[in-house]
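For reference, structure06.pdb is printed below; it contains PDB, C-alpha atoms.
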MODEL        1
ATOM      1  CA  GLU I   1      35.905  40.451  43.562
ATOM      2  CA  TYR I   2      35.420  43.426  45.885
ATOM      3  CA  VAL I   3      38.697  44.963  44.660
ATOM      4  CA  CYS I   4      37.231  45.054  41.157
ATOM      5  CA  GLN I   5      34.755  47.673  42.423
ATOM      6  CA  ASP I   6      37.607  50.006  43.393
ATOM      7  CA  ILE I   7      38.234  52.488  40.583
ATOM      8  CA  ASP I   8      41.887  52.945  41.634
ATOM      9  CA  TYR I   9      42.444  49.179  41.287
ATOM     10  CA  VAL I  10      40.690  49.138  37.899
ATOM     11  CA  GLU I  11      42.744  52.097  36.647
ATOM     12  CA  ASN I  12      45.977  50.390  37.781
ATOM     13  CA  ILE I  13      45.011  47.226  35.880
ATOM     14  CA  LEU I  14      44.365  49.329  32.789
ATOM     15  CA  LYS I  15      47.843  50.873  33.120
ATOM     16  CA  ILE I  16      49.623  47.498  33.150
ATOM     17  CA  LEU I  17      47.371  45.800  30.590
ATOM     18  CA  PRO I  18      49.591  46.710  27.599
ATOM     19  CA  PHE I  19      52.513  44.911  29.266
ATOM     20  CA  VAL I  20      50.935  41.532  30.025
ATOM     21  CA  ASN I  21      50.086  38.515  27.917
ATOM     22  CA  PHE I  22      47.682  36.790  30.321
ATOM     23  CA  ILE I  23      45.026  37.972  32.749
ATOM     24  CA  PHE I  24      43.344  35.519  35.093
ATOM     25  CA  GLY I  25      40.157  35.745  37.087
ATOM     26  CA  ASN I  26      36.907  34.053  37.861
ATOM     27  CA  SER I  27      33.733  35.014  36.035
ATOM     28  CA  SER I  28      32.365  37.158  38.877
ATOM     29  CA  GLU I  29      35.627  39.109  39.111
ATOM     30  CA  TYR I  30      35.497  39.809  35.375
ATOM     31  CA  ASN I  31      31.821  40.822  35.553
ATOM     32  CA  VAL I  32      32.389  43.233  38.464
ATOM     33  CA  PHE I  33      35.535  44.624  36.784
ATOM     34  CA  MET I  34      33.606  45.288  33.557
ATOM     35  CA  ALA I  35      30.683  46.843  35.453
ATOM     36  CA  THR I  36      33.105  49.160  37.272
ATOM     37  CA  LEU I  37      34.673  50.155  33.954
ATOM     38  CA  ASP I  38      31.297  50.794  32.429
ATOM     39  CA  SER I  39      29.915  52.859  35.298
ATOM     40  CA  LYS I  40      32.956  54.845  36.450
ATOM     41  CA  LEU I  41      35.170  55.477  33.416
ATOM     42  CA  LYS I  42      34.464  57.545  30.361
ATOM     43  CA  THR I  43      36.778  55.497  28.138
ATOM     44  CA  PHE I  44      36.522  51.769  27.618
ATOM     45  CA  PRO I  45      39.670  50.227  26.049
ATOM     46  CA  ASP I  46      39.021  48.330  22.807
ATOM     47  CA  VAL I  47      40.709  45.209  24.139
ATOM     48  CA  LEU I  48      38.208  45.045  27.012
ATOM     49  CA  ARG I  49      35.304  45.879  24.718
ATOM     50  CA  ASN I  50      36.412  42.865  22.622
ATOM     51  CA  LEU I  51      36.541  40.727  25.764
ATOM     52  CA  CYS I  52      32.983  41.752  26.691
ATOM     53  CA  SER I  53      31.696  40.847  23.242
ATOM     54  CA  LEU I  54      33.498  37.485  23.252
ATOM     55  CA  MET I  55      32.237  36.605  26.741
ATOM     56  CA  THR I  56      28.621  37.122  25.661
ATOM     57  CA  SER I  57      28.907  35.689  22.141
ATOM     58  CA  LYS I  58      28.085  32.158  21.043
ATOM     59  CA  ASP I  59      30.563  32.196  18.141
ATOM     60  CA  THR I  60      32.570  29.205  17.060
ATOM     61  CA  GLU I  61      35.407  28.172  19.313
ATOM     62  CA  SER I  62      39.001  27.386  18.441
ATOM     63  CA  THR I  63      40.551  24.104  19.480
ATOM     64  CA  GLU I  64      43.729  25.956  20.495
ATOM     65  CA  ILE I  65      44.935  29.510  20.889
ATOM     66  CA  VAL I  66      48.199  29.618  18.962
ATOM     67  CA  ASP I  67      49.189  33.294  18.969
ATOM     68  CA  THR I  68      50.238  34.049  22.545
ATOM     69  CA  THR I  69      51.682  37.474  21.762
ATOM     70  CA  ASN I  70      48.215  38.980  22.200
ATOM     71  CA  LEU I  71      46.428  39.448  25.491
ATOM     72  CA  ILE I  72      44.698  36.243  26.594
ATOM     73  CA  ALA I  73      42.019  36.380  29.264
ATOM     74  CA  VAL I  74      41.579  33.143  31.209
ATOM     75  CA  VAL I  75      38.222  32.921  32.985
ATOM     76  CA  THR I  76      37.426  30.270  35.578
ATOM     77  CA  ASP I  77      34.002  29.471  36.995
ATOM     78  CA  GLY I  78      34.251  26.705  39.597
ATOM     79  CA  CYS I  79      33.541  23.332  38.012
ATOM     80  CA  LYS I  80      32.240  24.897  34.796
ATOM     81  CA  PRO I  81      34.566  24.923  31.764
ATOM     82  CA  VAL I  82      37.511  27.338  31.731
ATOM     83  CA  ARG I  83      37.132  29.898  28.947
ATOM     84  CA  CYS I  84      40.104  31.524  27.231
ATOM     85  CA  TYR I  85      39.812  34.584  25.022
ATOM     86  CA  SER I  86      42.578  35.765  22.688
ATOM     87  CA  LEU I  87      42.119  39.501  22.196
ATOM     88  CA  GLY I  88      44.422  40.262  19.285
ATOM     89  CA  GLU I  89      43.546  41.193  15.719
ATOM     90  CA  LYS I  90      41.911  37.787  15.333
ATOM     91  CA  LEU I  91      39.554  37.258  18.270
ATOM     92  CA  GLN I  92      39.440  33.649  19.450
ATOM     93  CA  THR I  93      37.627  31.701  22.138
ATOM     94  CA  MET I  94      38.667  28.331  23.557
ATOM     95  CA  THR I  95      37.008  26.224  26.265
ATOM     96  CA  VAL I  96      38.591  23.524  28.428
ATOM     97  CA  GLN I  97      36.373  21.168  30.400
ATOM     98  CA  VAL I  98      36.847  20.877  34.159
ATOM     99  CA  PRO I  99      36.387  17.412  35.684
ATOM    100  CA  ARG I 100      34.023  17.578  38.632
ATOM    101  CA  VAL I 101      35.599  16.840  42.008
ATOM    102  CA  PRO I 102      33.027  15.047  44.190
ATOM    103  CA  GLN I 103      31.724  17.400  46.902
ATOM    104  CA  GLU I 104      32.817  15.034  49.692
ATOM    105  CA  ARG I 105      36.447  15.297  48.507
ATOM    106  CA  ILE I 106      36.539  19.115  48.551
ATOM    107  CA  LYS I 107      38.171  20.205  51.803
ATOM    108  CA  ASP I 108      39.247  23.828  51.259
ATOM    109  CA  THR I 109      38.940  26.158  48.261
ATOM    110  CA  ILE I 110      41.321  28.815  49.598
ATOM    111  CA  GLY I 111      44.226  29.062  47.194
ATOM    112  CA  ALA I 112      42.430  27.356  44.297
ATOM    113  CA  GLY I 113      42.795  30.389  42.019
ATOM    114  CA  ASP I 114      46.437  30.981  42.944
ATOM    115  CA  SER I 115      47.282  27.311  42.380
ATOM    116  CA  PHE I 116      45.434  27.449  39.047
ATOM    117  CA  ILE I 117      47.645  30.354  37.915
ATOM    118  CA  ALA I 118      50.793  28.630  39.241
ATOM    119  CA  GLY I 119      49.954  25.424  37.356
ATOM    120  CA  PHE I 120      49.215  27.370  34.178
ATOM    121  CA  MET I 121      52.419  29.403  34.313
ATOM    122  CA  PHE I 122      54.559  26.356  35.151
ATOM    123  CA  SER I 123      53.185  24.482  32.163
ATOM    124  CA  PHE I 124      53.241  27.433  29.747
ATOM    125  CA  LEU I 125      56.783  28.486  30.640
ATOM    126  CA  ARG I 126      58.055  24.970  30.010
ATOM    127  CA  GLY I 127      56.656  25.226  26.474
ATOM    128  CA  ASP I 128      53.178  23.691  26.652
ATOM    129  CA  SER I 129      50.311  25.087  24.585
ATOM    130  CA  VAL I 130      47.646  27.304  26.113
ATOM    131  CA  LYS I 131      45.206  24.366  26.150
ATOM    132  CA  GLU I 132      47.696  22.024  27.856
ATOM    133  CA  SER I 133      48.597  24.786  30.309
ATOM    134  CA  VAL I 134      44.931  25.202  31.249
ATOM    135  CA  LYS I 135      44.613  21.427  31.716
ATOM    136  CA  THR I 136      47.647  21.490  34.028
ATOM    137  CA  ALA I 137      46.124  24.445  35.891
ATOM    138  CA  VAL I 138      42.856  22.554  36.334
ATOM    139  CA  ARG I 139      44.691  19.497  37.703
ATOM    140  CA  THR I 140      46.774  21.682  40.041
ATOM    141  CA  SER I 141      43.806  23.555  41.495
ATOM    142  CA  GLY I 142      41.768  20.329  41.603
ATOM    143  CA  GLN I 143      44.466  18.792  43.777
ATOM    144  CA  MET I 144      44.661  21.888  45.992
ATOM    145  CA  ILE I 145      40.961  21.885  46.890
ATOM    146  CA  GLN I 146      41.226  18.299  48.098
ATOM    147  CA  GLN I 147      43.510  19.226  51.003
ATOM    148  CA  VAL I 148      43.296  21.594  53.938
ATOM    149  CA  GLY I 149      45.385  24.733  53.576
ATOM    150  CA  VAL I 150      47.606  26.032  50.839
ATOM    151  CA  THR I 151      50.459  23.541  50.978
ATOM    152  CA  LEU I 152      52.338  21.347  48.560
ATOM    153  CA  PRO I 153      51.174  17.734  48.359
ATOM    154  CA  GLN I 154      53.016  15.438  50.779
ATOM    155  CA  LYS I 155      53.668  12.734  48.179
ATOM    156  CA  ILE I 156      55.351  13.384  44.841
ATOM    157  CA  GLN I 157      52.820  11.235  42.996
ATOM    158  CA  ASP I 158      50.126  13.678  44.174
ATOM    159  CA  MET I 159      51.814  16.530  42.318
ATOM    160  CA  PRO I 160      49.990  16.806  39.006
ATOM    161  CA  VAL I 161      52.637  18.593  36.939
ATOM    162  CA  ILE I 162      56.084  17.629  38.211
ATOM    163  CA  GLY I 163      57.399  14.115  37.754
ATOM    164  CA  LYS I 164      59.540  12.332  40.349
ATOM    165  CA  GLU I 165      62.693  12.740  38.236
ATOM    166  CA  SER I 166      62.234  16.528  38.308
ATOM    167  CA  MET I 167      61.889  16.519  42.077
ATOM    168  CA  ASP I 168      64.951  14.265  42.527
ATOM    169  CA  ASN I 169      67.042  16.833  40.654
ATOM    170  CA  TYR I 170      65.777  19.695  42.802
ATOM    171  CA  SER I 171      67.695  20.673  45.916
ATOM    172  CA  SER I 172      66.214  23.041  48.471
ATOM    173  CA  ASN I 173      69.713  24.490  48.940
ATOM    174  CA  THR I 174      69.948  25.498  45.285
ATOM    175  CA  LYS I 175      69.296  29.098  44.331
ATOM    176  CA  THR I 176      66.879  28.990  41.428
ATOM    177  CA  SER I 177      66.394  31.603  38.716
ATOM    178  CA  PHE I 178      63.211  31.917  36.719
ATOM    179  CA  ASN I 179      62.947  34.045  33.622
ATOM    180  CA  PHE I 180      59.460  35.345  32.959
ATOM    181  CA  ILE I 181      59.310  36.332  29.346
ATOM    182  CA  SER I 182      56.458  37.953  27.500
ATOM    183  CA  SER I 183      56.439  39.511  24.086
ATOM    184  CA  LYS I 184      56.758  42.891  25.785
ATOM    185  CA  GLU I 185      59.051  42.442  28.768
ATOM    186  CA  SER I 186      61.556  40.045  30.362
ATOM    187  CA  VAL I 187      61.878  39.777  34.122
ATOM    188  CA  LYS I 188      64.355  37.628  36.045
ATOM    189  CA  VAL I 189      63.434  36.465  39.542
ATOM    190  CA  ASN I 190      65.960  34.808  41.842
ATOM    191  CA  ILE I 191      64.666  32.545  44.556
TER     192      ILE I 191
ENDMDL
END

Final structure tokens representation of the file:
Amino acid sequence: EYVCQDIDYVENILKILPFVNFIFGNSSEYNVFMATLDSKLKTFPDVLRNLCSLMTSKDTESTEIVDTTNLIAVVTDGCKPVRCYSLGEKLQTMTVQVPRVPQERIKDTIGAGDSFIAGFMFSFLRGDSVKESVKTAVRTSGQMIQQVGVTLPQKIQDMPVIGKESMDNYSSNTKTSFNFISSKESVKVNI
């Protein structure tokens, strides 16, 4: 969250904000980011003003966020529910419960946020809804914190989002292309 105090970082995020569909962070990162905006910038973008009002409001929640062409903020908070905010013309809030992992099973939380985003993007890009993508993200990060280090699970059945048949068809010698598509931009990444 310390980077969210850096005005250069905050200004760079503001520059790319019109080109993204999803922003991810934990609640303290969002709070520090908003405090930095409030204290160091003269202008406060409407989309972030809407996010602030949604984060503090107790309005009715949606069961699903359908319109993914608008900016969606995904906010994690440990074992508390994940909150999603759609910041388009129609403001929406959605919450997804997080199953508690018993403390004795938590081995390492490094990489939990990155694995959450990876699980979300994997699920969303294969066509799942925002809610299902968050559930996949929760399972992915929940699995990650139960092992030491940021590594893939050793057994396929431990992988929460990829079935065995998908792994059997994957070859480490195959060059893979991923197309990241948003409503604003398309980027192709070769791996």

What residues come out when you apply the PyMOL selection byres ((chain I and resi 105-112) around 12) to this file, written as a PyMOL selection string? chain I and resi 25-26+76-79+100-104+113-119+137-152

Please evaluate the PyMOL selection byres ((chain I and resi 61) around 8) against the displayed coordinates and give the resulting residues as a PyMOL selection string. chain I and resi 59-60+62-63+92-95

Atom pair CA of Phe122 (chain I) / CA of Cys52 (chain I): separation (Å):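 Interatomic distance, CA of Phe122 (chain I) to CA of Cys52 (chain I): 27.8 Å.
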
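Look at region 129-136 of chain I: the protein and nucleic acid residues within 8 Å of it, using only C-alpha atoms and passing over chain neighbours fewer than 3 places away, are Glu64, Ile65, Val66, Val82, Val96, Gly119, Phe120, Met121, Phe122, Ser123, Phe124, Arg139, Thr140, Pro160 and Val161 of chain I.
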
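Proximity ranking of I:Val20, I:Val47, I:Cys4, I:Leu54 relative to Val32 (chain I) places I:Cys4 first, based on all atoms listed in the file.
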
Point out the residue among I:Pro18, I:Asn70, I:Ser53, I:Asp6 with the least atom-to-atom distance to Ser39 (chain I), counting all atoms listed in the file.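 Among the listed residues, the smallest separation from Ser39 (chain I) belongs to I:Asp6.
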
Specify as a count of residues only each residue included when the PyMOL selection byres ((chain I and resi 35) around 12) is applied to this file. 24

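The spacing separating CA of Val98 (chain I) from CA of Pro81 (chain I) amounts to 5.2 Å.
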
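Put simply, CA of Lys80 (chain I) is 17.0 Å away from CA of Ser57 (chain I).
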
Name the closest residue to Ser27 (chain I) among the candidates I:Ser86, I:Thr69, I:Asn12, I:Thr56; distances are taken between atoms, counting all atoms listed in the file.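 Ranked by minimum distance to Ser27 (chain I), first place goes to I:Thr56.
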
Just checking: using only C-alpha atoms, which residue out of I:Ile72, I:Cys84, I:Leu17, I:Val3 ends up closest to Pro45 (chain I)? I:Leu17
